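What follows is the content of run29.cif (mmCIF, C-alpha atoms).
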data_coords
loop_
_atom_site.label_atom_id
_atom_site.label_comp_id
_atom_site.auth_asym_id
_atom_site.auth_seq_id
_atom_site.Cartn_x
_atom_site.Cartn_y
_atom_site.Cartn_z
CA MET A 1 0.00 0.00 0.00
CA THR A 2 2.90 2.34 0.85
CA MET A 3 4.38 1.70 -2.60
CA MET A 4 1.05 2.57 -4.27
CA LEU A 5 0.95 5.88 -2.37
CA ALA A 6 4.52 6.70 -3.42
CA ILE A 7 3.62 6.85 -7.11
CA GLY A 8 1.26 9.24 -8.88
CA PRO A 9 -2.48 8.60 -9.30
CA GLU A 10 -2.10 8.11 -13.08
CA ALA A 11 0.43 5.32 -12.60
CA GLN A 12 -1.77 3.84 -9.87
CA ALA A 13 -4.74 3.89 -12.26
CA PHE A 14 -2.68 2.10 -14.92
CA ILE A 15 -1.70 -0.59 -12.40
CA VAL A 16 -5.31 -1.01 -11.26
CA PHE A 17 -6.48 -1.30 -14.86
CA SER A 18 -3.78 -3.80 -15.93
CA LEU A 19 -3.81 -6.03 -12.86
CA GLY A 20 -7.58 -5.78 -12.49
CA MET A 21 -8.21 -6.98 -16.02
CA LEU A 22 -5.71 -9.84 -15.66
CA VAL A 23 -7.19 -11.04 -12.36
CA LEU A 24 -10.82 -10.76 -13.48
CA MET A 25 -10.09 -12.48 -16.80
CA ALA A 26 -8.36 -15.30 -14.91
CA THR A 27 -11.53 -15.84 -12.86
CA GLY A 28 -13.54 -16.24 -16.06
CA MET A 29 -15.69 -13.18 -15.39
CA ASN A 30 -17.78 -11.72 -18.23
CA MET A 31 -15.57 -9.27 -20.13
CA GLY A 32 -18.12 -6.45 -20.06
CA LEU A 33 -18.51 -6.70 -16.29
CA ALA A 34 -14.72 -6.87 -15.87
CA LEU A 35 -14.40 -3.60 -17.82
CA VAL A 36 -17.01 -1.92 -15.60
CA LEU A 37 -15.25 -3.05 -12.42
CA THR A 38 -11.78 -1.99 -13.58
CA GLY A 39 -13.21 1.37 -14.66
CA ALA A 40 -14.78 1.78 -11.23
CA GLY A 41 -11.46 0.88 -9.59
CA MET A 42 -9.66 3.50 -11.67
CA ALA A 43 -12.29 6.10 -10.72
CA TRP A 44 -11.66 5.37 -7.03
CA VAL A 45 -7.87 5.64 -7.40
CA LEU A 46 -8.20 8.91 -9.35
CA ASP A 47 -10.49 10.28 -6.62
CA PHE A 48 -13.22 10.66 -9.21
CA TRP A 49 -15.77 8.27 -7.72
CA ASP A 50 -19.31 9.07 -8.80
CA THR A 51 -21.91 6.36 -9.37
CA GLN A 52 -23.98 8.71 -11.51
CA LEU A 53 -20.99 9.29 -13.79
CA LEU A 54 -20.43 5.53 -14.10
CA ALA A 55 -24.08 5.03 -15.06
CA GLN A 56 -23.93 7.86 -17.61
CA ASN A 57 -20.89 6.29 -19.27
CA LEU A 58 -22.58 2.89 -19.38
CA VAL A 59 -25.48 4.42 -21.29
CA ALA A 60 -23.18 6.54 -23.49
CA GLY A 61 -21.29 3.39 -24.52
CA VAL A 62 -24.29 2.12 -26.48
CA ASP A 63 -26.06 5.43 -27.24
CA SER A 64 -24.56 5.76 -30.72
CA PHE A 65 -26.28 5.79 -34.11
CA PRO A 66 -23.37 4.07 -35.95
CA LEU A 67 -23.51 1.20 -33.43
CA LEU A 68 -26.98 0.35 -34.78
CA ALA A 69 -25.07 -1.36 -37.59
CA VAL A 70 -23.92 -4.07 -35.17
CA PRO A 71 -27.31 -5.75 -34.45
CA PHE A 72 -28.35 -5.51 -38.09
CA PHE A 73 -25.13 -7.08 -39.41
CA ILE A 74 -25.48 -9.83 -36.81
CA LEU A 75 -29.08 -10.36 -37.93
CA ALA A 76 -28.01 -10.40 -41.59
CA GLY A 77 -25.48 -13.15 -40.82
CA GLU A 78 -28.08 -15.25 -39.02
CA LEU A 79 -30.54 -14.84 -41.90
CA MET A 80 -27.88 -15.80 -44.45
CA ASN A 81 -27.19 -19.06 -42.65
CA SER A 82 -30.84 -19.89 -41.98
CA GLY A 83 -32.16 -18.79 -45.37
CA GLY A 84 -29.85 -20.80 -47.63
CA ILE A 85 -27.75 -17.87 -48.86
CA SER A 86 -24.49 -19.22 -47.40
CA ARG A 87 -25.15 -22.73 -48.75
CA ARG A 88 -25.76 -21.46 -52.29
CA ILE A 89 -22.44 -19.63 -52.26
CA ILE A 90 -20.65 -22.81 -51.22
CA ASP A 91 -22.52 -24.82 -53.89
CA MET A 92 -21.46 -22.32 -56.55
CA ALA A 93 -17.81 -22.45 -55.50
CA GLN A 94 -17.92 -26.25 -55.51
CA ALA A 95 -19.39 -26.31 -59.01
CA TRP A 96 -16.45 -24.31 -60.38
CA VAL A 97 -13.42 -25.63 -58.45
CA GLY A 98 -14.65 -28.68 -56.50
CA HIS A 99 -13.23 -31.14 -59.04
CA ILE A 100 -9.60 -29.94 -58.63
CA ARG A 101 -7.31 -31.98 -56.40
CA GLY A 102 -7.94 -30.59 -52.94
CA GLY A 103 -10.87 -28.75 -54.47
CA LEU A 104 -12.94 -28.58 -51.29
CA GLY A 105 -10.20 -26.45 -49.76
CA TYR A 106 -10.43 -23.99 -52.65
CA VAL A 107 -14.22 -24.07 -52.24
CA ALA A 108 -13.77 -23.10 -48.58
CA ILE A 109 -11.47 -20.19 -49.50
CA GLY A 110 -13.71 -18.86 -52.28
CA ALA A 111 -16.84 -19.18 -50.16
CA ALA A 112 -15.11 -17.49 -47.21
CA VAL A 113 -14.20 -14.45 -49.33
CA LEU A 114 -17.70 -14.18 -50.80
CA MET A 115 -19.45 -14.63 -47.46
CA ALA A 116 -17.12 -12.09 -45.85
CA SER A 117 -18.48 -9.49 -48.25
CA MET A 118 -21.96 -10.00 -46.80
CA SER A 119 -21.96 -10.70 -43.08
CA GLY A 120 -18.85 -9.17 -41.45
CA SER A 121 -18.91 -11.78 -38.67
CA ALA A 122 -16.05 -14.26 -38.33
CA LEU A 123 -18.01 -16.60 -36.06
CA ALA A 124 -21.09 -16.75 -38.30
CA ASP A 125 -19.06 -17.39 -41.47
CA THR A 126 -16.86 -19.99 -39.80
CA ALA A 127 -19.84 -21.87 -38.36
CA ALA A 128 -21.55 -21.97 -41.77
CA LEU A 129 -18.41 -23.15 -43.60
CA ALA A 130 -17.55 -25.77 -40.98
CA THR A 131 -21.10 -27.15 -40.80
CA ILE A 132 -21.32 -27.72 -44.56
CA LEU A 133 -17.73 -28.48 -45.65
CA LEU A 134 -16.09 -30.41 -42.79
CA PRO A 135 -18.38 -33.48 -43.15
CA MET A 136 -17.70 -33.50 -46.91
CA MET A 137 -13.94 -33.23 -46.33
CA ARG A 138 -14.03 -36.04 -43.79
CA GLN A 139 -15.98 -38.26 -46.19
CA GLN A 140 -13.47 -37.67 -49.02
CA GLY A 141 -10.41 -38.42 -46.90
CA TYR A 142 -9.05 -34.91 -46.30
CA PRO A 143 -6.78 -34.52 -43.25
CA MET A 144 -9.13 -33.14 -40.62
CA ASN A 145 -6.62 -31.01 -38.72
CA THR A 146 -5.48 -29.14 -41.84
CA SER A 147 -9.03 -28.82 -43.19
CA ALA A 148 -10.27 -27.40 -39.89
CA GLY A 149 -7.31 -25.01 -39.80
CA LEU A 150 -8.09 -23.80 -43.31
CA ILE A 151 -11.77 -23.17 -42.55
CA ALA A 152 -10.89 -21.30 -39.36
CA SER A 153 -8.37 -19.18 -41.27
CA GLY A 154 -10.92 -18.43 -43.98
CA GLY A 155 -13.47 -17.38 -41.38
CA ILE A 156 -11.35 -14.47 -40.13
CA ILE A 157 -11.43 -12.78 -43.53
CA ALA A 158 -14.93 -11.59 -42.53
CA PRO A 159 -13.69 -8.84 -40.14
CA ILE A 160 -11.49 -7.40 -42.92
CA ILE A 161 -13.56 -7.36 -46.12
CA PRO A 162 -16.49 -4.91 -45.90
CA PRO A 163 -19.04 -4.84 -44.46
CA SER A 164 -17.10 -5.52 -41.26
CA MET A 165 -18.67 -5.42 -37.81
CA PRO A 166 -15.28 -4.87 -36.08
CA PHE A 167 -14.65 -1.85 -38.35
CA VAL A 168 -17.96 -0.39 -37.18
CA ILE A 169 -16.97 -0.86 -33.53
CA TYR A 170 -13.47 0.53 -34.16
CA GLY A 171 -14.86 3.54 -36.05
CA VAL A 172 -17.33 4.38 -33.29
CA THR A 173 -14.74 3.87 -30.54
CA THR A 174 -12.04 6.04 -32.15
CA ASN A 175 -14.20 8.45 -34.20
CA THR A 176 -12.67 7.18 -37.47
CA SER A 177 -14.56 7.15 -40.78
CA ILE A 178 -16.31 3.78 -41.06
CA SER A 179 -16.67 4.13 -44.84
CA ALA A 180 -12.90 4.68 -45.18
CA LEU A 181 -12.23 1.68 -42.94
CA PHE A 182 -14.49 -0.44 -45.14
CA VAL A 183 -12.56 0.56 -48.26
CA SER A 184 -9.21 -0.05 -46.55
CA GLY A 185 -10.11 -3.70 -45.97
CA ILE A 186 -10.82 -4.68 -49.60
CA VAL A 187 -7.24 -5.26 -50.83
CA PRO A 188 -5.88 -6.84 -47.60
CA GLY A 189 -8.93 -9.14 -47.49
CA LEU A 190 -8.30 -10.31 -51.04
CA MET A 191 -4.61 -10.76 -50.17
CA MET A 192 -5.66 -13.01 -47.29
CA GLY A 193 -7.72 -15.13 -49.68
CA ALA A 194 -4.84 -15.36 -52.17
CA GLY A 195 -2.42 -16.21 -49.36
CA LEU A 196 -4.64 -19.08 -48.25
CA ILE A 197 -4.69 -20.46 -51.80
CA PHE A 198 -0.87 -20.59 -51.92
CA ALA A 199 -0.67 -22.02 -48.38
CA TRP A 200 -3.27 -24.70 -49.20
CA ARG A 201 -1.35 -25.71 -52.34
CA TRP A 202 1.84 -25.97 -50.30
CA VAL A 203 0.11 -28.08 -47.62
CA LEU A 204 -1.38 -30.42 -50.26
CA ARG A 205 1.91 -31.47 -51.85
CA GLY A 206 2.47 -35.19 -51.46
CA MET A 207 -1.09 -35.88 -50.28
CA ASP A 208 -3.23 -38.41 -52.12
CA LEU A 209 -6.56 -36.61 -52.39
CA PRO A 210 -9.48 -37.38 -54.69
CA GLN A 211 -9.82 -35.52 -57.96
CA GLY A 212 -13.21 -35.55 -59.67
CA GLU A 213 -14.49 -34.76 -63.12
CA PRO A 214 -15.36 -31.15 -63.87
CA LEU A 215 -19.04 -30.41 -64.06
CA PRO A 216 -20.55 -29.47 -67.42
CA MET A 217 -20.70 -25.73 -68.06
CA LYS A 218 -24.48 -25.91 -67.91
CA ALA A 219 -24.36 -27.24 -64.33
CA ARG A 220 -21.85 -24.57 -63.31
CA LEU A 221 -24.01 -21.80 -64.73
CA ARG A 222 -27.05 -23.28 -63.00
CA ALA A 223 -25.24 -23.20 -59.64
CA THR A 224 -24.15 -19.62 -60.31
CA ALA A 225 -27.71 -18.64 -61.18
CA ARG A 226 -28.94 -20.18 -57.92
CA ALA A 227 -26.44 -17.97 -56.07
CA PHE A 228 -27.43 -14.83 -58.04
CA TRP A 229 -29.35 -13.19 -55.18
CA ALA A 230 -26.53 -13.94 -52.76
CA LEU A 231 -23.94 -12.41 -55.10
CA LEU A 232 -26.10 -9.32 -55.54
CA MET A 233 -26.00 -8.56 -51.82
CA PRO A 234 -22.40 -7.21 -51.57
CA LEU A 235 -22.89 -5.19 -54.76
CA ILE A 236 -25.90 -3.47 -53.21
CA ILE A 237 -24.10 -2.80 -49.92
CA ILE A 238 -20.78 -1.53 -51.30
CA GLY A 239 -22.39 0.23 -54.29
CA GLY A 240 -24.91 1.98 -52.06
CA MET A 241 -22.22 3.29 -49.71
CA LYS A 242 -19.90 4.35 -52.54
CA SER A 243 -22.68 6.25 -54.33
CA GLY A 244 -23.83 7.89 -51.12
CA VAL A 245 -27.30 6.34 -51.20
CA PHE A 246 -26.92 5.13 -47.63
CA THR A 247 -24.42 5.24 -44.75
CA PRO A 248 -22.66 2.15 -43.31
CA THR A 249 -25.28 2.03 -40.56
CA GLU A 250 -28.10 2.15 -43.08
CA ALA A 251 -26.23 -0.44 -45.18
CA ALA A 252 -26.54 -2.88 -42.28
CA VAL A 253 -30.31 -2.38 -42.21
CA VAL A 254 -30.47 -2.88 -45.99
CA ALA A 255 -28.41 -6.07 -45.68
CA ALA A 256 -30.68 -7.50 -42.99
CA PHE A 257 -33.93 -6.74 -44.83
CA TYR A 258 -32.47 -7.96 -48.11
CA ALA A 259 -31.41 -11.27 -46.52
CA LEU A 260 -34.86 -11.60 -44.92
CA ALA A 261 -36.66 -10.97 -48.23
CA VAL A 262 -34.47 -13.45 -50.11
CA ALA A 263 -34.87 -16.13 -47.42
CA LEU A 264 -38.65 -15.77 -47.21
CA PHE A 265 -39.81 -14.95 -50.72
CA ILE A 266 -37.10 -16.04 -53.20
CA HIS A 267 -35.28 -19.06 -51.74
CA ARG A 268 -38.28 -19.87 -49.52
CA GLU A 269 -36.09 -21.85 -47.13
CA MET A 270 -37.47 -19.95 -44.16
CA LYS A 271 -41.03 -19.61 -42.93
CA PHE A 272 -42.43 -16.68 -40.99
CA ALA A 273 -42.50 -18.93 -37.92
CA ASP A 274 -38.70 -19.35 -38.19
CA VAL A 275 -38.05 -15.60 -38.04
CA TYR A 276 -38.66 -15.48 -34.28
CA GLY A 277 -35.85 -17.96 -33.58
CA VAL A 278 -33.45 -16.02 -35.84
CA LEU A 279 -34.32 -12.76 -34.06
CA VAL A 280 -33.72 -14.34 -30.64
CA ARG A 281 -30.29 -15.69 -31.65
CA ALA A 282 -29.32 -12.31 -33.12
CA ALA A 283 -30.58 -10.50 -30.00
CA LYS A 284 -28.52 -12.72 -27.68
CA THR A 285 -25.34 -12.08 -29.66
CA THR A 286 -26.11 -8.36 -29.87
CA SER A 287 -26.62 -8.10 -26.10
CA VAL A 288 -23.15 -9.53 -25.48
CA VAL A 289 -21.48 -7.09 -27.90
CA MET A 290 -23.43 -4.07 -26.63
CA PHE A 291 -22.65 -4.78 -22.98
CA LEU A 292 -19.00 -4.95 -23.96
CA CYS A 293 -19.33 -1.52 -25.59
CA ALA A 294 -21.01 -0.13 -22.47
CA GLY A 295 -18.35 -1.50 -20.14
CA ALA A 296 -15.55 -0.32 -22.41
CA GLN A 297 -16.91 3.24 -22.33
CA VAL A 298 -16.53 3.29 -18.53
CA ALA A 299 -12.93 2.05 -18.73
CA SER A 300 -12.15 4.32 -21.71
CA TYR A 301 -13.40 7.42 -19.87
CA MET A 302 -11.17 6.67 -16.90
CA ILE A 303 -8.23 5.90 -19.19
CA THR A 304 -8.66 9.36 -20.70
CA LEU A 305 -8.81 10.97 -17.24
CA ALA A 306 -5.63 9.14 -16.26
CA ASP A 307 -3.95 10.47 -19.45
CA LEU A 308 -2.65 6.97 -20.23
CA PRO A 309 -2.08 7.66 -23.97
CA ASN A 310 0.43 10.40 -23.13
CA VAL A 311 2.01 8.19 -20.47
CA LEU A 312 2.52 5.44 -23.07
CA THR A 313 3.81 8.00 -25.60
CA SER A 314 6.48 9.10 -23.13
CA TRP A 315 7.44 5.45 -22.58
CA LEU A 316 7.77 4.76 -26.30
CA GLY A 317 9.93 7.87 -26.69
CA PRO A 318 12.19 7.68 -29.76
CA LEU A 319 9.91 5.20 -31.56
CA VAL A 320 7.46 8.03 -32.27
CA GLU A 321 10.07 9.46 -34.64
CA ASN A 322 10.12 6.23 -36.68
CA PRO A 323 6.53 5.39 -37.75
CA ARG A 324 7.35 2.02 -39.36
CA LEU A 325 9.30 0.81 -36.33
CA LEU A 326 6.55 2.07 -34.02
CA MET A 327 3.94 0.25 -36.12
CA ALA A 328 5.98 -2.97 -36.00
CA VAL A 329 6.31 -2.75 -32.22
CA MET A 330 2.59 -2.04 -31.83
CA MET A 331 1.72 -4.99 -34.04
CA ILE A 332 3.88 -7.30 -31.92
CA VAL A 333 2.15 -6.01 -28.78
CA LEU A 334 -1.28 -6.48 -30.38
CA VAL A 335 -0.44 -10.03 -31.46
CA LEU A 336 0.42 -10.84 -27.84
CA ILE A 337 -2.79 -9.16 -26.65
CA GLY A 338 -4.77 -11.03 -29.30
CA THR A 339 -3.67 -14.36 -27.85
CA ALA A 340 -5.43 -13.46 -24.59
CA LEU A 341 -8.40 -11.31 -25.67
CA ASP A 342 -11.18 -11.62 -28.21
CA LEU A 343 -11.37 -9.09 -31.08
CA THR A 344 -14.14 -6.83 -29.75
CA PRO A 345 -12.61 -6.30 -26.25
CA THR A 346 -9.21 -5.67 -27.86
CA ILE A 347 -10.70 -2.88 -29.97
CA LEU A 348 -12.71 -1.37 -27.14
CA ILE A 349 -9.87 -1.38 -24.61
CA PHE A 350 -6.72 -0.68 -26.59
CA ALA A 351 -7.73 1.25 -29.72
CA PRO A 352 -8.47 4.53 -27.84
CA VAL A 353 -5.11 4.23 -26.07
CA MET A 354 -2.94 3.33 -29.07
CA LEU A 355 -4.48 5.50 -31.81
CA PRO A 356 -3.35 8.86 -30.34
CA ILE A 357 0.23 7.53 -30.20
CA ALA A 358 0.01 6.40 -33.84
CA VAL A 359 -1.39 9.77 -34.94
CA LYS A 360 1.38 11.58 -33.06
CA ALA A 361 3.89 9.53 -35.08
CA GLY A 362 2.19 10.57 -38.34
CA ILE A 363 0.48 7.21 -39.01
CA ASP A 364 -2.78 7.45 -40.94
CA PRO A 365 -5.72 6.64 -38.59
CA VAL A 366 -7.51 4.52 -41.21
CA TYR A 367 -4.35 2.52 -41.94
CA PHE A 368 -3.79 2.01 -38.22
CA GLY A 369 -7.41 0.88 -37.85
CA LEU A 370 -7.02 -1.75 -40.58
CA MET A 371 -3.82 -3.05 -39.02
CA PHE A 372 -5.38 -3.06 -35.57
CA VAL A 373 -8.41 -5.08 -36.67
CA LEU A 374 -6.25 -7.44 -38.76
CA ASN A 375 -4.12 -8.20 -35.71
CA GLY A 376 -7.21 -8.81 -33.64
CA ALA A 377 -8.65 -11.09 -36.33
CA ILE A 378 -5.45 -13.15 -36.36
CA GLY A 379 -5.89 -13.45 -32.60
CA LEU A 380 -9.16 -15.30 -33.27
CA ILE A 381 -7.12 -18.26 -34.59
CA THR A 382 -4.32 -17.96 -32.05
CA PRO A 383 -4.41 -19.99 -28.82
CA PRO A 384 -5.11 -19.92 -25.92
CA VAL A 385 -8.38 -18.00 -26.58
CA GLY A 386 -8.80 -18.63 -30.34
CA THR A 387 -12.58 -18.17 -30.47
CA VAL A 388 -12.83 -19.24 -34.11
CA LEU A 389 -10.72 -22.33 -33.40
CA ASN A 390 -13.22 -23.31 -30.71
CA VAL A 391 -16.10 -22.93 -33.18
CA VAL A 392 -14.44 -25.21 -35.75
CA ALA A 393 -13.44 -27.77 -33.12
CA GLY A 394 -16.99 -27.85 -31.75
CA VAL A 395 -18.79 -28.04 -35.10
CA GLY A 396 -16.38 -30.60 -36.57
CA ARG A 397 -16.02 -32.61 -33.34
CA ILE A 398 -12.25 -32.35 -33.61
CA SER A 399 -9.84 -31.94 -30.72
CA MET A 400 -8.59 -28.42 -30.09
CA HIS A 401 -5.00 -29.69 -30.28
CA SER A 402 -5.56 -30.96 -33.84
CA VAL A 403 -7.13 -27.69 -34.97
CA ILE A 404 -4.24 -25.66 -33.51
CA LYS A 405 -1.75 -27.89 -35.32
CA GLY A 406 -3.65 -27.57 -38.60
CA VAL A 407 -3.95 -23.78 -38.51
CA ASN A 408 -0.19 -23.13 -38.23
CA PRO A 409 0.67 -22.91 -41.98
CA PHE A 410 -2.17 -20.45 -42.59
CA LEU A 411 -1.31 -18.45 -39.48
CA PHE A 412 2.26 -18.09 -40.79
CA THR A 413 0.85 -16.83 -44.12
CA TYR A 414 -1.18 -14.15 -42.34
CA VAL A 415 1.86 -13.01 -40.36
CA LEU A 416 3.74 -12.55 -43.67
CA ILE A 417 0.85 -10.47 -45.04
CA LEU A 418 0.87 -8.39 -41.86
CA ALA A 419 4.61 -7.75 -42.25
CA LEU A 420 4.08 -6.79 -45.91
CA LEU A 421 1.43 -4.23 -44.92
CA VAL A 422 3.80 -2.75 -42.31
CA VAL A 423 6.54 -2.27 -44.91
CA PHE A 424 4.19 -1.05 -47.67
CA PRO A 425 1.31 0.90 -46.07
CA GLN A 426 0.35 2.21 -49.53
CA ILE A 427 -1.38 -1.14 -50.14
CA VAL A 428 -3.99 0.06 -47.64
CA THR A 429 -3.93 3.83 -48.04
CA ALA A 430 -3.93 4.07 -51.86
CA PRO A 431 -7.41 2.53 -52.39
CA VAL A 432 -8.84 4.78 -49.66
CA VAL A 433 -7.45 7.90 -51.36
CA TRP A 434 -8.71 6.65 -54.75
CA MET A 435 -12.22 5.98 -53.44
CA ARG A 436 -12.42 9.48 -51.97
#
Represent the structure contained in this file as structure tokens.
Amino acid sequence: MTMMLAIGPEAQAFIVFSLGMLVLMATGMNMGLALVLTGAGMAWVLDFWDTQLLAQNLVAGVDSFPLLAVPFFILAGELMNSGGISRRIIDMAQAWVGHIRGGLGYVAIGAAVLMASMSGSALADTAALATILLPMMRQQGYPMNTSAGLIASGGIIAPIIPPSMPFVIYGVTTNTSISALFVSGIVPGLMMGAGLIFAWRWVLRGMDLPQGEPLPMKARLRATARAFWALLMPLIIIGGMKSGVFTPTEAAVVAAFYALAVALFIHREMKFADVYGVLVRAAKTTSVVMFLCAGAQVASYMITLADLPNVLTSWLGPLVENPRLLMAVMMIVLVLIGTALDLTPTILIFAPVMLPIAVKAGIDPVYFGLMFVLNGAIGLITPPVGTVLNVVAGVGRISMHSVIKGVNPFLFTYVLILALLVVFPQIVTAPVVWMR
């Protein structure tokens, strides 16, 4: 206690925040509640205790028009999976490349990229891909650990290619243009897909996998026609935002209603009675995300009062003069954080602290946002947390150890892409400038 009194209140607040989060996470406490409690602890240390202020920040954390995009994108993902949209995309990809040796892996990659352009949710896309493709891969003799690793790696393209739910949360948290963030993710997302193709080809060498006969062109076109309404969805979303017809928040509403209309009236794979169950599942997921946002606002407010960004800037010192080196160091730190935290808490807790340091070093806020979310997405397939790995292991009934082993080649590919984006930031910034 004497040692705590010997240091300043800002340093004490930083210690309370860091140790508090570690201890509460170790107990398995809900992340949103842990953020509220650490924020309250910081308020007490800073002699700023006020229950009314804590309550106001809890409400302010979710009282945001752009955050309305979150429940609607979650709902759109649920409707895609329940209404047959996701399955038609997979069927189309299989019709074109399923006959190639290891073709189901290429199907998984192509479907992951296409589905990422519609839902923005890594967990929803991964669950859909794993449910449909893993049984087929098992039946055809594919190695299950590598197949599961590939599907998990494909699932995390969703937070990068627009529309991306993590970009919405990052944009709201840091007051960064969500439209610009969406554009920044297009090229890196496609690079992730291309990287998985090369990694899958490398993994396949020497394996004896089945190779089928290509389908007639008529069958391929029929499968493509069946996926027409699914393929139209990203064009409507991106085209509407680019032309200024609607904002990213409104795009989420359009996506949800479009998916509902297609599921009910075109594909007819859902009945009106099924809509209630879809709404309940979406509401449960939304409540978890929104409570995280509310708790993070409490912690973020106290972090600002404690002036932690400037404290960290003074610690980093000379690195601020070298933006690329600073970015590399920050990415290493975020990779380590990503192994312990899920993507949404990482954004809510650390983005407001790190962005001011990046801006002070002259790093573009949109570029930093893309790199931040990409690091967090990679954390979804990195143990010990590895949320996406848990989804694949559960759906495919595969041991977690096998999935972790199978994801390694694809994880290495993503790290190379991350390094490439650090060295050449123009890959991210040039499309944003062009779209403006």
| Near Thr249 (chain A), within 9 Å and counting all atoms listed in the file, which residues show up once chain neighbours fewer than 6 positions away are dropped, as an MDAnalysis selection string? | chainID A and resid 65:70 72 168
| request: Determine, counting all atoms listed in the file, which protein, DNA and RNA residues have an atom within 6 Å of an atom of region 114-120 of chain A; residues of the same chain fewer than 6 positions away are not included. Present the result as an MDAnalysis selection string. | output: chainID A and resid 77 158:159 161:165 234
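Taking CA of Ile178 (chain A) and CA of Pro248 (chain A) as the two end points, the separation is 6.9 Å.
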| request: Taking the file as shown, find all residues satisfying the PyMOL selection byres ((chain A and resi 270) around 12) and write them as number ranges by chain. | output: A: 78-85, 259-269, 271-278
| request: One decimal, Å: what's the distance from CA of Ala299 (chain A) over to CA of Val329 (chain A), could you say? | output: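 Taking CA of Ala299 (chain A) and CA of Val329 (chain A), their separation equals 24.0 Å.
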| For the file shown, what are the residues hit by the PyMOL selection byres ((chain A and resi 96-103) around 10), laid out as a PyMOL selection string? | chain A and resi 90-95+104-110+137+140+142+147+200-201+203-205+207-217+219-221+223-224
| What is the CA of Thr382 (chain A)-CA of Thr339 (chain A) distance in Å, reported with one decimal? | 5.6 Å
| task | With the file shown as input, list the residues that the PyMOL selection byres ((chain A and resi 35-47) around 7) selects, as number ranges by chain. | result | A: 9, 12-13, 16-17, 20-21, 31-34, 48-49, 295-296, 298-299, 302
| Of the residues A:Thr304, A:Ser184, A:Ser179, A:Asn375, which is the one nearest to Pro431 (chain A), using all atoms listed in the file? |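 Going through A:Thr304, A:Ser184, A:Ser179, A:Asn375 one by one, the smallest distance to Pro431 (chain A) is for A:Ser184.
Excluding Ile349 (chain A) itself and same-chain residues fewer than 3 positions from it, the residues having an atom within 10 Å of it are Leu35, Thr173, Leu292, Cys293, Gly295, Ala296, Gln297, Ala299, Ser300, Ile303, Thr344, Pro345, Thr346, Pro352, Val353 and Met354 of chain A, counting all atoms listed in the file.
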| For Arg226 (chain A), which of A:Val403, A:Ser86, A:Thr131, A:Ala256 is the closest residue, counting only C-alpha atoms? | A:Ser86
| field | Residue among A:Ala194, A:Ile417, A:Val366, A:Ala255 lying closest to Ser177 (chain A), counting only C-alpha atoms | value | A:Val366
| said: I'd like the contact shell of Gly406 (chain A) - 9 Å cut-off, all atoms listed in the file, skipping same-chain residues fewer than 3 positions apart - returned as JSON, numbers by chain. | reply: {"A": [143, 144, 145, 146, 147, 148, 149, 150, 401, 402, 403, 409, 410]}
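Distance annotation: of A:Phe257, A:Trp202, A:Phe182, A:Trp434, the residue with the minimal separation from Ile238 (chain A) is A:Phe182; atom set is only C-alpha atoms.
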| said: Nearest residue to Gly171 (chain A) out of A:Met25, A:Val373, A:Ala294, A:Ile197, using only C-alpha atoms? | reply: A:Val373
| query | Which one is closest to Phe167 (chain A): A:Gly386, A:Pro425, A:Gly369, A:Gly338? Count only C-alpha atoms. | reply |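 Using only C-alpha atoms, the shortest distance to Phe167 (chain A) belongs to A:Gly369.
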| Contact residues around Thr387 (chain A) with all atoms listed in the file at 12 Å, ignoring same-chain residues under 5 positions, as a PyMOL selection string | chain A and resi 122-124+126-127+152-153+155-156+338-344+376-382+392-394+400+403-404
